[in-house]
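Below is query.cif, holding mmCIF, N, CA and C atoms.
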```cif
data_coords
#
loop_
_atom_site.group_PDB
_atom_site.id
_atom_site.type_symbol
_atom_site.label_atom_id
_atom_site.label_comp_id
_atom_site.auth_asym_id
_atom_site.auth_seq_id
_atom_site.Cartn_x
_atom_site.Cartn_y
_atom_site.Cartn_z
ATOM 1 N N MET X 57 14.293 -29.577 1.141
ATOM 2 C CA MET X 57 14.610 -28.809 -0.053
ATOM 3 C C MET X 57 15.669 -27.765 0.288
ATOM 4 N N LEU X 58 16.638 -27.628 -0.584
ATOM 5 C CA LEU X 58 17.673 -26.622 -0.393
ATOM 6 C C LEU X 58 17.089 -25.235 -0.620
ATOM 7 N N SER X 59 17.584 -24.291 0.125
ATOM 8 C CA SER X 59 17.136 -22.914 -0.026
ATOM 9 C C SER X 59 17.692 -22.333 -1.321
ATOM 10 N N SER X 60 16.865 -21.562 -1.987
ATOM 11 C CA SER X 60 17.274 -20.865 -3.199
ATOM 12 C C SER X 60 16.838 -19.411 -3.058
ATOM 13 N N PRO X 61 17.348 -18.535 -3.904
ATOM 14 C CA PRO X 61 16.887 -17.140 -3.836
ATOM 15 C C PRO X 61 15.368 -17.024 -4.003
ATOM 16 N N ILE X 62 14.779 -17.865 -4.830
ATOM 17 C CA ILE X 62 13.329 -17.804 -5.046
ATOM 18 C C ILE X 62 12.585 -18.279 -3.801
ATOM 19 N N SER X 63 13.005 -19.406 -3.236
ATOM 20 C CA SER X 63 12.315 -19.902 -2.042
ATOM 21 C C SER X 63 12.483 -18.932 -0.875
ATOM 22 N N GLU X 64 13.646 -18.329 -0.761
ATOM 23 C CA GLU X 64 13.875 -17.366 0.312
ATOM 24 C C GLU X 64 12.990 -16.132 0.123
ATOM 25 N N ARG X 65 12.840 -15.662 -1.094
ATOM 26 C CA ARG X 65 11.989 -14.484 -1.342
ATOM 27 C C ARG X 65 10.527 -14.814 -1.063
ATOM 28 N N ILE X 66 10.079 -15.983 -1.465
ATOM 29 C CA ILE X 66 8.710 -16.396 -1.167
ATOM 30 C C ILE X 66 8.499 -16.430 0.345
ATOM 31 N N ARG X 67 9.443 -17.000 1.066
ATOM 32 C CA ARG X 67 9.350 -17.068 2.529
ATOM 33 C C ARG X 67 9.273 -15.667 3.126
ATOM 34 N N GLN X 68 10.151 -14.777 2.694
ATOM 35 C CA GLN X 68 10.161 -13.404 3.206
ATOM 36 C C GLN X 68 8.830 -12.701 2.954
ATOM 37 N N LEU X 69 8.343 -12.828 1.737
ATOM 38 C CA LEU X 69 7.088 -12.161 1.391
ATOM 39 C C LEU X 69 5.919 -12.728 2.179
ATOM 40 N N ARG X 70 5.865 -14.039 2.307
ATOM 41 C CA ARG X 70 4.774 -14.650 3.073
ATOM 42 C C ARG X 70 4.777 -14.166 4.508
ATOM 43 N N LEU X 71 5.932 -14.177 5.127
ATOM 44 C CA LEU X 71 6.007 -13.738 6.519
ATOM 45 C C LEU X 71 5.689 -12.255 6.660
ATOM 46 N N SER X 72 6.201 -11.450 5.768
ATOM 47 C CA SER X 72 5.933 -10.015 5.808
ATOM 48 C C SER X 72 4.439 -9.727 5.658
ATOM 49 N N LEU X 73 3.811 -10.341 4.679
ATOM 50 C CA LEU X 73 2.385 -10.116 4.465
ATOM 51 C C LEU X 73 1.571 -10.595 5.662
ATOM 52 N N MET X 74 1.959 -11.717 6.221
ATOM 53 C CA MET X 74 1.252 -12.245 7.385
ATOM 54 C C MET X 74 1.384 -11.300 8.574
ATOM 55 N N ILE X 75 2.589 -10.863 8.854
ATOM 56 C CA ILE X 75 2.831 -9.978 9.994
ATOM 57 C C ILE X 75 2.077 -8.662 9.833
ATOM 58 N N HIS X 76 2.128 -8.083 8.654
ATOM 59 C CA HIS X 76 1.437 -6.814 8.440
ATOM 60 C C HIS X 76 -0.075 -6.993 8.395
ATOM 61 N N SER X 77 -0.545 -8.174 8.053
ATOM 62 C CA SER X 77 -1.980 -8.464 8.127
ATOM 63 C C SER X 77 -2.434 -8.570 9.579
ATOM 64 N N ILE X 78 -1.620 -9.152 10.427
ATOM 65 C CA ILE X 78 -1.928 -9.199 11.861
ATOM 66 C C ILE X 78 -2.048 -7.771 12.400
ATOM 67 N N ILE X 79 -1.062 -6.950 12.064
ATOM 68 C CA ILE X 79 -1.063 -5.567 12.550
ATOM 69 C C ILE X 79 -2.319 -4.831 12.081
ATOM 70 N N TYR X 80 -2.684 -5.040 10.835
ATOM 71 C CA TYR X 80 -3.820 -4.317 10.256
ATOM 72 C C TYR X 80 -5.165 -4.870 10.726
ATOM 73 N N TYR X 81 -5.364 -6.168 10.568
ATOM 74 C CA TYR X 81 -6.680 -6.761 10.839
ATOM 75 C C TYR X 81 -6.930 -7.095 12.301
ATOM 76 N N GLU X 82 -5.904 -7.451 13.026
ATOM 77 C CA GLU X 82 -6.104 -7.901 14.400
ATOM 78 C C GLU X 82 -5.721 -6.850 15.438
ATOM 79 N N LEU X 83 -4.725 -6.030 15.124
ATOM 80 C CA LEU X 83 -4.260 -5.024 16.083
ATOM 81 C C LEU X 83 -4.704 -3.606 15.710
ATOM 82 N N ASN X 84 -5.482 -3.499 14.629
ATOM 83 C CA ASN X 84 -6.090 -2.236 14.202
ATOM 84 C C ASN X 84 -5.103 -1.085 14.056
ATOM 85 N N ASP X 85 -4.006 -1.372 13.368
ATOM 86 C CA ASP X 85 -2.980 -0.352 13.140
ATOM 87 C C ASP X 85 -2.301 -0.685 11.815
ATOM 88 N N ASN X 86 -1.331 0.074 11.442
ATOM 89 C CA ASN X 86 -0.539 -0.265 10.260
ATOM 90 C C ASN X 86 0.847 0.359 10.361
ATOM 91 N N ILE X 87 1.759 -0.289 9.678
ATOM 92 C CA ILE X 87 3.133 0.209 9.597
ATOM 93 C C ILE X 87 3.468 0.519 8.142
ATOM 94 N N ILE X 88 2.981 -0.312 7.243
ATOM 95 C CA ILE X 88 3.206 -0.069 5.822
ATOM 96 C C ILE X 88 1.890 0.365 5.179
ATOM 97 N N SER X 89 1.997 1.045 4.071
ATOM 98 C CA SER X 89 0.809 1.520 3.359
ATOM 99 C C SER X 89 0.094 0.371 2.653
ATOM 100 N N ASP X 90 -1.140 0.595 2.308
ATOM 101 C CA ASP X 90 -1.884 -0.392 1.520
ATOM 102 C C ASP X 90 -1.189 -0.638 0.182
ATOM 103 N N ALA X 91 -0.632 0.421 -0.394
ATOM 104 C CA ALA X 91 0.058 0.287 -1.678
ATOM 105 C C ALA X 91 1.290 -0.610 -1.546
ATOM 106 N N GLU X 92 2.046 -0.458 -0.457
ATOM 107 C CA GLU X 92 3.221 -1.302 -0.245
ATOM 108 C C GLU X 92 2.801 -2.757 -0.006
ATOM 109 N N TRP X 93 1.751 -2.965 0.771
ATOM 110 C CA TRP X 93 1.254 -4.324 1.015
ATOM 111 C C TRP X 93 0.855 -4.960 -0.323
ATOM 112 N N SER X 94 0.124 -4.212 -1.129
ATOM 113 C CA SER X 94 -0.326 -4.725 -2.429
ATOM 114 C C SER X 94 0.844 -5.040 -3.362
ATOM 115 N N LYS X 95 1.876 -4.219 -3.311
ATOM 116 C CA LYS X 95 3.075 -4.456 -4.123
ATOM 117 C C LYS X 95 3.740 -5.773 -3.729
ATOM 118 N N ARG X 96 3.866 -6.003 -2.435
ATOM 119 C CA ARG X 96 4.454 -7.255 -1.950
ATOM 120 C C ARG X 96 3.564 -8.442 -2.304
ATOM 121 N N ALA X 97 2.258 -8.258 -2.159
ATOM 122 C CA ALA X 97 1.318 -9.338 -2.478
ATOM 123 C C ALA X 97 1.392 -9.706 -3.962
ATOM 124 N N LYS X 98 1.474 -8.710 -4.810
ATOM 125 C CA LYS X 98 1.571 -8.958 -6.247
ATOM 126 C C LYS X 98 2.848 -9.724 -6.577
ATOM 127 N N GLU X 99 3.956 -9.328 -5.977
ATOM 128 C CA GLU X 99 5.214 -10.033 -6.210
ATOM 129 C C GLU X 99 5.103 -11.495 -5.768
ATOM 130 N N LEU X 100 4.491 -11.722 -4.613
ATOM 131 C CA LEU X 100 4.332 -13.092 -4.124
ATOM 132 C C LEU X 100 3.452 -13.912 -5.056
ATOM 133 N N VAL X 101 2.350 -13.366 -5.478
ATOM 134 C CA VAL X 101 1.452 -14.083 -6.390
ATOM 135 C C VAL X 101 2.204 -14.481 -7.659
ATOM 136 N N GLU X 102 2.967 -13.560 -8.210
ATOM 137 C CA GLU X 102 3.726 -13.849 -9.429
ATOM 138 C C GLU X 102 4.751 -14.951 -9.197
ATOM 139 N N LEU X 103 5.479 -14.881 -8.078
ATOM 140 C CA LEU X 103 6.477 -15.917 -7.786
ATOM 141 C C LEU X 103 5.827 -17.278 -7.591
ATOM 142 N N GLN X 104 4.712 -17.306 -6.900
ATOM 143 C CA GLN X 104 4.026 -18.581 -6.665
ATOM 144 C C GLN X 104 3.488 -19.175 -7.959
ATOM 145 N N GLU X 105 3.018 -18.326 -8.863
ATOM 146 C CA GLU X 105 2.510 -18.807 -10.152
ATOM 147 C C GLU X 105 3.651 -19.291 -11.053
ATOM 148 N N GLN X 106 4.780 -18.600 -11.009
ATOM 149 C CA GLN X 106 5.924 -18.951 -11.853
ATOM 150 C C GLN X 106 6.683 -20.168 -11.330
ATOM 151 N N HIS X 107 6.629 -20.396 -10.015
ATOM 152 C CA HIS X 107 7.412 -21.463 -9.382
ATOM 153 C C HIS X 107 6.551 -22.259 -8.400
ATOM 154 N N PRO X 108 5.503 -22.934 -8.885
ATOM 155 C CA PRO X 108 4.590 -23.629 -7.963
ATOM 156 C C PRO X 108 5.254 -24.730 -7.144
ATOM 157 N N ASP X 109 6.217 -25.444 -7.711
ATOM 158 C CA ASP X 109 6.880 -26.512 -6.955
ATOM 159 C C ASP X 109 7.691 -25.946 -5.796
ATOM 160 N N ILE X 110 8.361 -24.838 -6.039
ATOM 161 C CA ILE X 110 9.127 -24.193 -4.973
ATOM 162 C C ILE X 110 8.164 -23.636 -3.925
ATOM 163 N N ALA X 111 7.110 -22.966 -4.380
ATOM 164 C CA ALA X 111 6.142 -22.367 -3.456
ATOM 165 C C ALA X 111 5.517 -23.421 -2.547
ATOM 166 N N ASP X 112 5.264 -24.594 -3.078
ATOM 167 C CA ASP X 112 4.665 -25.671 -2.280
ATOM 168 C C ASP X 112 5.601 -26.197 -1.200
ATOM 169 N N ALA X 113 6.882 -25.918 -1.317
ATOM 170 C CA ALA X 113 7.856 -26.423 -0.343
ATOM 171 C C ALA X 113 8.267 -25.373 0.695
ATOM 172 N N VAL X 114 7.713 -24.180 0.599
ATOM 173 C CA VAL X 114 8.084 -23.090 1.505
ATOM 174 C C VAL X 114 7.046 -22.972 2.623
ATOM 175 N N VAL X 115 7.490 -22.522 3.787
ATOM 176 C CA VAL X 115 6.640 -22.379 4.961
ATOM 177 C C VAL X 115 5.308 -21.695 4.623
ATOM 178 N N PHE X 116 4.248 -22.165 5.260
ATOM 179 C CA PHE X 116 2.883 -21.660 5.095
ATOM 180 C C PHE X 116 2.313 -21.898 3.699
ATOM 181 N N ALA X 117 2.783 -22.932 3.025
ATOM 182 C CA ALA X 117 2.292 -23.242 1.677
ATOM 183 C C ALA X 117 0.779 -23.440 1.662
ATOM 184 N N ASP X 118 0.242 -24.151 2.642
ATOM 185 C CA ASP X 118 -1.202 -24.397 2.670
ATOM 186 C C ASP X 118 -1.985 -23.098 2.826
ATOM 187 N N LEU X 119 -1.526 -22.225 3.685
ATOM 188 C CA LEU X 119 -2.218 -20.961 3.930
ATOM 189 C C LEU X 119 -2.232 -20.080 2.676
ATOM 190 N N TYR X 120 -1.147 -20.129 1.914
ATOM 191 C CA TYR X 120 -1.022 -19.259 0.740
ATOM 192 C C TYR X 120 -1.457 -19.928 -0.564
ATOM 193 N N ARG X 121 -1.888 -21.158 -0.505
ATOM 194 C CA ARG X 121 -2.373 -21.831 -1.706
ATOM 195 C C ARG X 121 -3.652 -21.130 -2.158
ATOM 196 N N GLY X 122 -3.679 -20.689 -3.383
ATOM 197 C CA GLY X 122 -4.833 -19.967 -3.913
ATOM 198 C C GLY X 122 -4.837 -18.481 -3.579
ATOM 199 N N PHE X 123 -3.797 -17.995 -2.915
ATOM 200 C CA PHE X 123 -3.700 -16.578 -2.557
ATOM 201 C C PHE X 123 -3.641 -15.729 -3.821
ATOM 202 N N LYS X 124 -4.531 -14.745 -3.910
ATOM 203 C CA LYS X 124 -4.595 -13.871 -5.088
ATOM 204 C C LYS X 124 -4.100 -12.454 -4.804
ATOM 205 N N GLY X 125 -3.760 -12.171 -3.542
ATOM 206 C CA GLY X 125 -3.199 -10.870 -3.204
ATOM 207 C C GLY X 125 -4.197 -9.777 -2.948
ATOM 208 N N ASP X 126 -5.480 -10.104 -2.911
ATOM 209 C CA ASP X 126 -6.489 -9.068 -2.743
ATOM 210 C C ASP X 126 -6.777 -8.711 -1.289
ATOM 211 N N THR X 127 -6.481 -9.611 -0.353
ATOM 212 C CA THR X 127 -6.703 -9.338 1.060
ATOM 213 C C THR X 127 -5.783 -10.200 1.920
ATOM 214 N N GLY X 128 -5.493 -9.696 3.106
ATOM 215 C CA GLY X 128 -4.686 -10.458 4.047
ATOM 216 C C GLY X 128 -5.486 -10.925 5.249
ATOM 217 N N PHE X 129 -6.808 -10.781 5.172
ATOM 218 C CA PHE X 129 -7.661 -11.109 6.309
ATOM 219 C C PHE X 129 -7.435 -12.535 6.813
ATOM 220 N N ASP X 130 -7.445 -13.500 5.924
ATOM 221 C CA ASP X 130 -7.266 -14.895 6.326
ATOM 222 C C ASP X 130 -5.831 -15.197 6.754
ATOM 223 N N LEU X 131 -4.885 -14.414 6.286
ATOM 224 C CA LEU X 131 -3.493 -14.628 6.670
ATOM 225 C C LEU X 131 -3.316 -14.397 8.160
ATOM 226 N N ALA X 132 -3.938 -13.374 8.668
ATOM 227 C CA ALA X 132 -3.851 -13.082 10.100
ATOM 228 C C ALA X 132 -4.432 -14.228 10.912
ATOM 229 N N LYS X 133 -5.503 -14.820 10.418
ATOM 230 C CA LYS X 133 -6.157 -15.917 11.139
ATOM 231 C C LYS X 133 -5.293 -17.175 11.171
ATOM 232 N N GLY X 134 -4.408 -17.353 10.186
ATOM 233 C CA GLY X 134 -3.565 -18.539 10.108
ATOM 234 C C GLY X 134 -2.168 -18.356 10.671
ATOM 235 N N ALA X 135 -1.926 -17.198 11.278
ATOM 236 C CA ALA X 135 -0.579 -16.883 11.773
ATOM 237 C C ALA X 135 -0.218 -17.702 13.003
ATOM 238 N N ASP X 136 1.069 -17.987 13.133
ATOM 239 C CA ASP X 136 1.555 -18.712 14.312
ATOM 240 C C ASP X 136 2.025 -17.717 15.378
ATOM 241 N N GLU X 137 2.453 -18.246 16.512
ATOM 242 C CA GLU X 137 2.873 -17.396 17.642
ATOM 243 C C GLU X 137 4.068 -16.515 17.304
ATOM 244 N N ARG X 138 4.976 -17.033 16.488
ATOM 245 C CA ARG X 138 6.156 -16.226 16.123
ATOM 246 C C ARG X 138 5.752 -15.010 15.309
ATOM 247 N N ALA X 139 4.814 -15.195 14.380
ATOM 248 C CA ALA X 139 4.348 -14.071 13.571
ATOM 249 C C ALA X 139 3.640 -13.037 14.441
ATOM 250 N N TRP X 140 2.835 -13.511 15.376
ATOM 251 C CA TRP X 140 2.171 -12.601 16.311
ATOM 252 C C TRP X 140 3.200 -11.832 17.140
ATOM 253 N N GLY X 141 4.205 -12.523 17.618
ATOM 254 C CA GLY X 141 5.241 -11.869 18.407
ATOM 255 C C GLY X 141 5.971 -10.806 17.613
ATOM 256 N N LYS X 142 6.299 -11.114 16.376
ATOM 257 C CA LYS X 142 6.994 -10.152 15.516
ATOM 258 C C LYS X 142 6.104 -8.944 15.231
ATOM 259 N N ALA X 143 4.826 -9.185 14.981
ATOM 260 C CA ALA X 143 3.895 -8.087 14.725
ATOM 261 C C ALA X 143 3.828 -7.146 15.923
ATOM 262 N N LYS X 144 3.699 -7.718 17.103
ATOM 263 C CA LYS X 144 3.624 -6.897 18.316
ATOM 264 C C LYS X 144 4.928 -6.149 18.562
ATOM 265 N N TYR X 145 6.044 -6.818 18.302
ATOM 266 C CA TYR X 145 7.360 -6.197 18.460
ATOM 267 C C TYR X 145 7.516 -4.997 17.513
ATOM 268 N N LEU X 146 7.184 -5.184 16.243
ATOM 269 C CA LEU X 146 7.311 -4.098 15.265
ATOM 270 C C LEU X 146 6.417 -2.923 15.630
ATOM 271 N N LEU X 147 5.209 -3.234 16.029
ATOM 272 C CA LEU X 147 4.271 -2.175 16.378
ATOM 273 C C LEU X 147 4.737 -1.421 17.623
ATOM 274 N N ALA X 148 5.199 -2.128 18.633
ATOM 275 C CA ALA X 148 5.683 -1.488 19.855
ATOM 276 C C ALA X 148 6.890 -0.610 19.577
ATOM 277 N N ASN X 149 7.801 -1.082 18.752
ATOM 278 C CA ASN X 149 8.994 -0.294 18.436
ATOM 279 C C ASN X 149 8.668 0.905 17.564
ATOM 280 N N ARG X 150 7.709 0.764 16.693
ATOM 281 C CA ARG X 150 7.277 1.903 15.879
ATOM 282 C C ARG X 150 6.669 2.966 16.788
ATOM 283 N N ARG X 151 5.884 2.562 17.766
ATOM 284 C CA ARG X 151 5.268 3.510 18.694
ATOM 285 C C ARG X 151 6.315 4.206 19.550
ATOM 286 N N LYS X 152 7.336 3.479 19.997
ATOM 287 C CA LYS X 152 8.425 4.070 20.775
ATOM 288 C C LYS X 152 9.140 5.133 19.953
ATOM 289 N N GLY X 153 9.346 4.851 18.669
ATOM 290 C CA GLY X 153 10.020 5.794 17.785
ATOM 291 C C GLY X 153 9.251 7.086 17.615
ATOM 292 N N ARG X 154 7.928 7.029 17.678
ATOM 293 C CA ARG X 154 7.101 8.222 17.552
ATOM 294 C C ARG X 154 7.202 9.128 18.771
ATOM 295 N N LYS X 155 7.489 8.544 19.936
ATOM 296 C CA LYS X 155 7.518 9.300 21.186
ATOM 297 C C LYS X 155 8.809 10.095 21.344
ATOM 298 N N LYS X 156 9.822 9.786 20.570
ATOM 299 C CA LYS X 156 11.125 10.473 20.712
ATOM 300 C C LYS X 156 11.053 11.893 20.239
#
```
Entire entry expressed as structure tokens:
Amino acid sequence: MLSSPISERIRQLRLSLMIHSIIYYELNDNIISDAEWSKRAKELVELQEQHPDIADAVVFADLYRGFKGDTGFDLAKGADERAWGKAKYLLANRRKGRKK
């Protein structure tokens, strides 16, 4: 499937929510607020409902099928190594920034 602005936004939101869920649920920390996470989750839910065919063709479609935006607990459990690496990278760099 060719990339479109909608498919790219769905991909971005899915990865962002997954990474921040890893940080929150698995690494016991946070970088974004609960309100920001919920805002992103709501946008993703709306896009997936409005464009189900596109959503089904974007990475992690199975993991996000039925996603209602109320929790990211299961997202962390379904994350791949790249998402884990990005989560650890963001958290480490955020901590370095605090020490300056």
Practice task
Looking only at helix (DSSP H, G or I) from DSSP on the backbone, list the matching residues of stretch 80-145 of chain X as a ChimeraX atom specification.
Solution key: /X:80-82,90-106,108-112,117-120,129-133,137-145
Practice task
Pick out the residues sitting within 8 Å of stretch 110-126 of chain X, and hand them over as a list in words; count all atoms listed in the file, and ignore anything fewer than 5 positions along from it in its own chain.
Solution key: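 The filter keeps Met57, Ile62, Ser63, Glu64, Ile66, Arg67, Arg70, Leu71, Trp93, Ser94, Arg96, Ala97, Lys98, Glu99, Leu100, Val101, Glu102, Leu103, Gln104, Glu105, Leu131 and Gly134 of chain X.
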Output as lines of an AutoDock Vina configuration file the centre and edge lengths (Å, one decimal) of the box along x, y and z of the file that holds every listed atom of stretch 70-79 of chain X after adding 4 Å on each side.
```
center_x = 1.9
center_y = -9.7
center_z = 7.4
size_x = 16.6
size_y = 17.8
size_z = 18.2
```
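In this model, the gap between atom CA of X:Lys144 and atom CA of X:Asn84 comes to 11.5 Å.
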Exercise for the section: Between atom CA of X:Phe129 and atom CA of X:Asp90, measure the distance and give it in Å to one decimal. Expected result: 13.1 Å
Exercise for the section: Please write as a PyMOL selection string the full residue list that the PyMOL selection byres ((chain X and resi 75) around 7) yields on this file. Expected result: chain X and resi 70-74+76-80+131-132+139-140+142-143
Exercise for the section: Could you please determine the separation between atom CA of X:Asp130 and atom C of X:Glu82 in Å, to one decimal place? Expected result: 12.3 Å
